[in-house]
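Take a look at the structure below.
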Amino acid sequence: AEGNLPPKNITRDMLLGGLLVPGFDKGSCLSRYQSALYRKESPHLPSPHLLERLRIQEALQKKCGPGTKLYRQAIERLKSGTSTENSECNYVVVLSYSGLGNKMLTLTSAFLYAILTNRVLLIDPGAHIADLFCEPFPNTTWLLPPDFPIDHVSSIFKGDPRSYGEMLKGKLIGNAVNGATNGSQLPPYVYLHLSHDYGDFDKLIYCEDDQRLLRKVPWLLLRSNQYFVPTLFLIPEYEQELGRLFPKKDTVFHHLGRYLFHPTNPVWGMIVRSYQAYLAKADETVGIQIRIFDKKNTPFQHVLDQILTCSLEEKVLPNLSLHEPVASSTHAKSKVVLVTSLDSAYFERLRSMYWEHPTATGEIIGVYQPSHEGFEQTGKEMHEMKAWAEIYLLSLTDTLVSSSWSTFGYAARGLGGLKPWIVTYKTTNQMANPPCRRAMSMDPCFHFPPFVDCRARAKSSVDQGALFPYLRHCEDSWGLKLV
Ligand code: GDP
C-alpha cells in the first residue's frame, strides 16, 4: 500500500510531537501515521501537559467506552432515570449536525470540553462520521452505539424541554445553580443547545455556576455548529488549566484537530492521488478556497476580481506578462494553485489566464480543482468524502487564500497551521479595500459567542473581545477568536 508514496524520511516525526500514540493497526487507517509525509513539520510543539492529558483521556475513553461494564452501568442508570453524584464515568455526546467544517469545529470544541471536565466524548454517527474519520482513541470507539436508550435523539433541537435553557426558564433546575438542589434531584441527562440560534437561557451554560451544576449530570447531549473554544477560556474554572494545556493559545484547533481527524483509507486515497498527481512536484503550492454564501447577490466577476486582486497584491500569484511571448526556461519555478469551490467557473478562468499568458516572473502556474459539487449536499457520502479530502488538501498548501466566514476554510487553516489571506466579498458593486486581510492567527472563529454577564444572568455590555490580549474579534466577524 505504500508503493506510490514519497520516499520515507525516517527523521520525519510520524507521531506529530507525541500527539499521536503508536500501536494502532496501521493498515486500517493509513493516514494516521502517513500525514507527516505530506504535511510540513509543524513549528508548534504540543505542550507536555497537553500530551499528558491526552493520554489520560485515552485511558478514560477506553475504561468507560461502549462495550465496557462501566458503560453498561452508565446506560442502566440513564434508563432508570437516576442520577448519581460522583459516578466514575460521565459522557458528552455530540449530536450530528451541519456541514463538515462546522462539524469539525464542534467536535474539537466538545473534545476540549470533555478533557476539561473528565468526560468521555462520544458522537452520534448519524451522517457518515465513520466513512470520513478513523477512530481517534486506541482500543475503543467514539461512535455512540445504535441502542442508545434515549428515543429520537436526532430530533432534539432548540426549545426541547430536556434542554438546559428550557429547564432554567421553567425554574426546574434554577435553584440548583444557587446550590439548593443536590445531585439526586438532577436529571440523568441534559441537552445543551449551543448552535448559532441558541437562546439567552441556553447561553448561561457558559457560566461558572452552571458549569458546577452540570458537572453532576452524567450524560450531556450537545448540539452545535460553533467553535466554542474561545468562550471556554472565559470560564474562570478552566482558565488556568487551558493556559497549561495551550501556552500558545491559538494552537488549540491545530493540535486537537490533528489529533482527532484522520481520513479513512478511501478518503486518504483521494488525498494521496490528488497530491501525487498535482501538488507533489510543484516548487510551491497555493490554496484558494472560494465559498459564496449568498450567490444571488455576489456576482461572479466581483468574486473573481477580489480573489485576483488579493492574490496579486499580496504576491501570492504572479502578474501576467502581456507583452513578451516568453517560453519559460526549463528551470522555471512551478507553482500549483489548488482551487476548491462548489463552482468550476473560477478555476476555469484562472487556468485559462495562466495558460494563455506567460507570467512576469517566468514562473509556471498550474491550476487544479478536485471537484465542483454545485451545491452543498451534507449527508451524502461521496459528497462529504470529497469535502473532507479538499479540506485536507488545502491544509497541505504553502499559502492559503480563503473566504470569510467559512468554517470549511477555518478547518483547513487550523490543520495546516496557516494564516490565510481572508477575502470578504462585497455584495454591492464596489471592491472591498483592501481586497483581503491576513488572518491574525490560525485558530477558527467562534461566530456566535454568548456575550453573557454571568453574575447579572443577562446580556453583557462588556466587550469580551477586549478582555484579554489573546482574545480578539475575528477578522471576518464580530465573533471571538484566540490569537
Ligand atoms: P461553511 O458552510 O463554509 O462554513 O462550511 P461547512 O463545511 O460547514 O459546510 C459547507 C458544506 O458545503 C461542506 O461541508 C461541503 O459539503 C460543501 N462545500 C462547500 N464548499 C466546498 C468545496 O469547496 N468543495 C467541496 N467538495 N464541498 C464544499
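In the C-alpha cells, chains take the letters A, B, ... in the order shown, each chain's residues start at 1, and ligands count up from 1 in the order shown.
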For A:Ala114, work out the shell of residues within 10 Å, counting only C-alpha atoms and skipping chain neighbours fewer than 5 positions away, then give it as a short mmCIF file (atom, residue, chain, number, x, y, z; two decimals) with C-alpha atoms, in the first residue's frame.
data_model
loop_
_atom_site.label_atom_id
_atom_site.label_comp_id
_atom_site.auth_asym_id
_atom_site.auth_seq_id
_atom_site.Cartn_x
_atom_site.Cartn_y
_atom_site.Cartn_z
CA GLN A 57 -8.31 10.99 28.11
CA ASN A 90 -19.53 10.75 32.63
CA TYR A 91 -20.19 11.47 28.99
CA VAL A 92 -20.64 14.19 26.46
CA VAL A 93 -22.44 13.06 23.32
CA THR A 108 -12.93 19.80 18.55
CA SER A 109 -14.67 22.14 20.99
CA ARG A 119 -15.95 13.24 30.32
CA VAL A 120 -15.91 10.58 27.63
CA LEU A 121 -16.51 12.02 24.16
CA LEU A 122 -18.99 10.08 22.05
#
Using only C-alpha atoms, which residues sit within 12 Å of A:His152 once same-chain residues fewer than 5 positions away are excluded, as an mmCIF file with C-alpha atoms, in the first residue's frame?
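Full text of selection.cif as output:
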data_model
loop_
_atom_site.group_PDB
_atom_site.id
_atom_site.type_symbol
_atom_site.label_atom_id
_atom_site.label_comp_id
_atom_site.auth_asym_id
_atom_site.auth_seq_id
_atom_site.Cartn_x
_atom_site.Cartn_y
_atom_site.Cartn_z
ATOM 1 C CA LEU A 95 -25.302 15.096 18.078
ATOM 2 C CA ASP A 124 -23.793 10.179 17.186
ATOM 3 C CA GLY A 126 -25.604 9.912 12.058
ATOM 4 C CA PRO A 146 -27.215 2.340 17.967
ATOM 5 C CA ASP A 147 -29.019 1.035 21.046
ATOM 6 C CA PHE A 157 -33.323 20.741 18.976
ATOM 7 C CA ASP A 160 -36.673 20.941 23.733
#
- Message: So that I can check the surroundings of stretch 390-400 of chain A, please list as a PyMOL selection string every protein, DNA and RNA residue that reaches within 8 Å of it, counting only C-alpha atoms and ignoring chain neighbours fewer than 2 positions away.
- Response: chain A and resi 38-40+271+275+284-289+316+338+340+370+386-388+402+408-409+411-421
Write out the residues from the selection above, keeping C-alpha atoms, as a JSON list (two decimals), in the first residue's frame.
[["chain", "number", "residue", "atom", "x", "y", "z"],
["A", 38, "TYR", "CA", 2.70, 15.15, 3.18],
["A", 39, "ARG", "CA", 2.44, 17.97, 5.65],
["A", 40, "LYS", "CA", 5.36, 20.16, 6.60],
["A", 271, "ILE", "CA", -5.98, 12.92, -0.97],
["A", 275, "TYR", "CA", -1.34, 15.19, -4.07],
["A", 284, "GLU", "CA", 5.29, 25.94, -4.24],
["A", 285, "THR", "CA", 1.60, 25.37, -3.63],
["A", 286, "VAL", "CA", -1.21, 27.84, -3.13],
["A", 287, "GLY", "CA", -4.70, 27.02, -1.90],
["A", 288, "ILE", "CA", -7.61, 29.19, -2.96],
["A", 289, "GLN", "CA", -10.84, 28.36, -1.17],
["A", 316, "VAL", "CA", 0.52, 35.01, -3.75],
["A", 338, "LEU", "CA", -5.37, 24.22, -5.71],
["A", 340, "THR", "CA", -11.75, 24.48, -4.02],
["A", 370, "PRO", "CA", -10.55, 18.32, -7.50],
["A", 386, "LYS", "CA", -14.79, 14.97, -1.31],
["A", 387, "ALA", "CA", -15.30, 17.87, 1.07],
["A", 388, "TRP", "CA", -13.02, 16.25, 3.65],
["A", 402, "SER", "CA", -9.69, 31.69, 1.97],
["A", 408, "PHE", "CA", -14.51, 24.86, 5.63],
["A", 409, "GLY", "CA", -11.59, 27.27, 5.31],
["A", 411, "ALA", "CA", -10.66, 23.78, 9.40],
["A", 412, "ALA", "CA", -8.08, 23.76, 6.58],
["A", 413, "ARG", "CA", -6.07, 26.63, 8.01],
["A", 414, "GLY", "CA", -6.11, 25.17, 11.52],
["A", 415, "LEU", "CA", -4.93, 21.73, 10.45],
["A", 416, "GLY", "CA", -2.24, 23.26, 8.26],
["A", 417, "GLY", "CA", -1.18, 25.86, 10.83],
["A", 418, "LEU", "CA", -1.69, 28.52, 8.16],
["A", 419, "LYS", "CA", -2.56, 32.20, 8.43],
["A", 420, "PRO", "CA", -4.50, 32.75, 5.24],
["A", 421, "TRP", "CA", -5.42, 35.86, 3.34]]
- Give the residues close to ligand 1, within 10 Å, counting only C-alpha atoms and all ligand atoms; write them as a PyMOL selection string. chain A and resi 97-105+225-226+288-293+339-344+369-391+394+403-411
- Message: DSSP on the backbone, alpha helix (DSSP H) only: what residues of stretch 49-124 of chain A does that give? Format it as a ChimeraX atom specification.
- Response: /A:49-64,69-80,100-117
- Task: Write down as number ranges by chain the residues belonging to stretch 244-381 of chain A that are assigned strand (DSSP E) by DSSP computed on the backbone.
- Result: A: 284-289, 334-340, 364-368
- Task: Find the residues near stretch 67-77 of chain A: any atom within 10 Å, counting only C-alpha atoms, skip ones fewer than 6 places away on the same chain, and give them as a PyMOL selection string.
- Result: chain A and resi 83-84+87-91+140-141+145+147-150+188+218-219
Restricting the output to N, CA and C atoms, write the selected residues as a PDB file, in the first residue's frame.
ATOM      1  N   SER A  83     -29.813   9.784  38.781  1.00  0.00           N
ATOM      2  CA  SER A  83     -28.564  10.490  38.591  1.00  0.00           C
ATOM      3  C   SER A  83     -27.763  10.321  39.867  1.00  0.00           C
ATOM      4  N   THR A  84     -26.560   9.870  39.711  1.00  0.00           N
ATOM      5  CA  THR A  84     -25.749   9.714  40.921  1.00  0.00           C
ATOM      6  C   THR A  84     -24.592  10.685  40.865  1.00  0.00           C
ATOM      7  N   SER A  87     -20.322   9.734  39.777  1.00  0.00           N
ATOM      8  CA  SER A  87     -20.201   8.491  39.020  1.00  0.00           C
ATOM      9  C   SER A  87     -18.844   8.495  38.318  1.00  0.00           C
ATOM     10  N   GLU A  88     -18.320   7.291  38.141  1.00  0.00           N
ATOM     11  CA  GLU A  88     -16.959   7.148  37.631  1.00  0.00           C
ATOM     12  C   GLU A  88     -16.862   7.589  36.179  1.00  0.00           C
ATOM     13  N   CYS A  89     -17.928   7.330  35.430  1.00  0.00           N
ATOM     14  CA  CYS A  89     -17.889   7.636  34.010  1.00  0.00           C
ATOM     15  C   CYS A  89     -18.983   8.633  33.641  1.00  0.00           C
ATOM     16  N   ASN A  90     -18.581   9.750  33.115  1.00  0.00           N
ATOM     17  CA  ASN A  90     -19.531  10.752  32.635  1.00  0.00           C
ATOM     18  C   ASN A  90     -19.261  11.005  31.152  1.00  0.00           C
ATOM     19  N   TYR A  91     -20.288  11.444  30.457  1.00  0.00           N
ATOM     20  CA  TYR A  91     -20.192  11.467  28.990  1.00  0.00           C
ATOM     21  C   TYR A  91     -20.648  12.791  28.399  1.00  0.00           C
ATOM     22  N   THR A 140     -10.909   1.425  21.490  1.00  0.00           N
ATOM     23  CA  THR A 140     -12.288   1.724  21.866  1.00  0.00           C
ATOM     24  C   THR A 140     -12.947   2.403  20.673  1.00  0.00           C
ATOM     25  N   THR A 141     -14.186   2.822  20.829  1.00  0.00           N
ATOM     26  CA  THR A 141     -14.845   3.557  19.753  1.00  0.00           C
ATOM     27  C   THR A 141     -15.437   4.841  20.305  1.00  0.00           C
ATOM     28  N   PRO A 145     -23.228   3.839  20.290  1.00  0.00           N
ATOM     29  CA  PRO A 145     -23.870   2.620  19.796  1.00  0.00           C
ATOM     30  C   PRO A 145     -25.336   2.871  19.434  1.00  0.00           C
ATOM     31  N   ASP A 147     -27.969   1.324  20.067  1.00  0.00           N
ATOM     32  CA  ASP A 147     -29.019   1.035  21.046  1.00  0.00           C
ATOM     33  C   ASP A 147     -29.065   2.070  22.174  1.00  0.00           C
ATOM     34  N   PHE A 148     -28.526   3.244  21.932  1.00  0.00           N
ATOM     35  CA  PHE A 148     -28.579   4.316  22.935  1.00  0.00           C
ATOM     36  C   PHE A 148     -30.038   4.552  23.310  1.00  0.00           C
ATOM     37  N   PRO A 149     -30.351   4.530  24.613  1.00  0.00           N
ATOM     38  CA  PRO A 149     -31.753   4.407  25.027  1.00  0.00           C
ATOM     39  C   PRO A 149     -32.618   5.670  24.937  1.00  0.00           C
ATOM     40  N   ILE A 150     -32.051   6.794  24.585  1.00  0.00           N
ATOM     41  CA  ILE A 150     -32.921   7.973  24.512  1.00  0.00           C
ATOM     42  C   ILE A 150     -33.573   8.031  23.134  1.00  0.00           C
ATOM     43  N   PRO A 188     -30.751  12.573  34.748  1.00  0.00           N
ATOM     44  CA  PRO A 188     -29.540  11.837  34.372  1.00  0.00           C
ATOM     45  C   PRO A 188     -28.924  12.354  33.069  1.00  0.00           C
ATOM     46  N   PRO A 218     -24.535  13.110  34.627  1.00  0.00           N
ATOM     47  CA  PRO A 218     -23.643  12.132  33.980  1.00  0.00           C
ATOM     48  C   PRO A 218     -23.645  12.170  32.447  1.00  0.00           C
ATOM     49  N   TRP A 219     -24.785  12.482  31.859  1.00  0.00           N
ATOM     50  CA  TRP A 219     -24.842  12.482  30.394  1.00  0.00           C
ATOM     51  C   TRP A 219     -25.204  13.881  29.886  1.00  0.00           C
TER      52      TRP A 219
END
- Query: If you measure from atom CA of A:Pro469 to atom CA of A:Leu242, what distance in Å do you get, rounded to one decimal?
  - Reply: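 Calculated distance between atom CA of A:Pro469 and atom CA of A:Leu242 is 15.0 Å.
Take the candidates A:Glu135, A:Glu363, A:Glu208, A:Asp443 and check each one against A:Phe253 using only C-alpha atoms; the shortest distance goes to A:Asp443.
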- If you measure from atom CA of A:Thr427 to atom CA of A:Ser477, what distance in Å do you get, rounded to one decimal?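 So the answer is 15.7 Å.
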- Task: Compile the contact shell of A:Val94 as a list in words: residues with an atom at most 9 Å away, counting only C-alpha atoms, same-chain residues fewer than 4 positions apart removed.
- Result: Thr106, Leu107, Ala110, Leu121, Leu122, Ile123, Asp124, Leu220, Leu221, Leu222, Arg223 and Ser224 of chain A
- Nearest to A:Leu214 among A:Thr117, A:Thr298, A:Ser274, A:Ser321, with distances taken over only C-alpha atoms: which residue is it?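 Using only C-alpha atoms, the shortest distance to A:Leu214 belongs to A:Thr117.
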- Message: Which residues are near stretch 230-241 of chain A? Cut-off 8 Å, only C-alpha atoms, ignore same chain within fewer than 5 positions. Put them as JSON, numbers by chain.
- Response: {"A": [113, 116, 206, 207, 208, 446, 449, 450, 471, 480, 481, 482]}
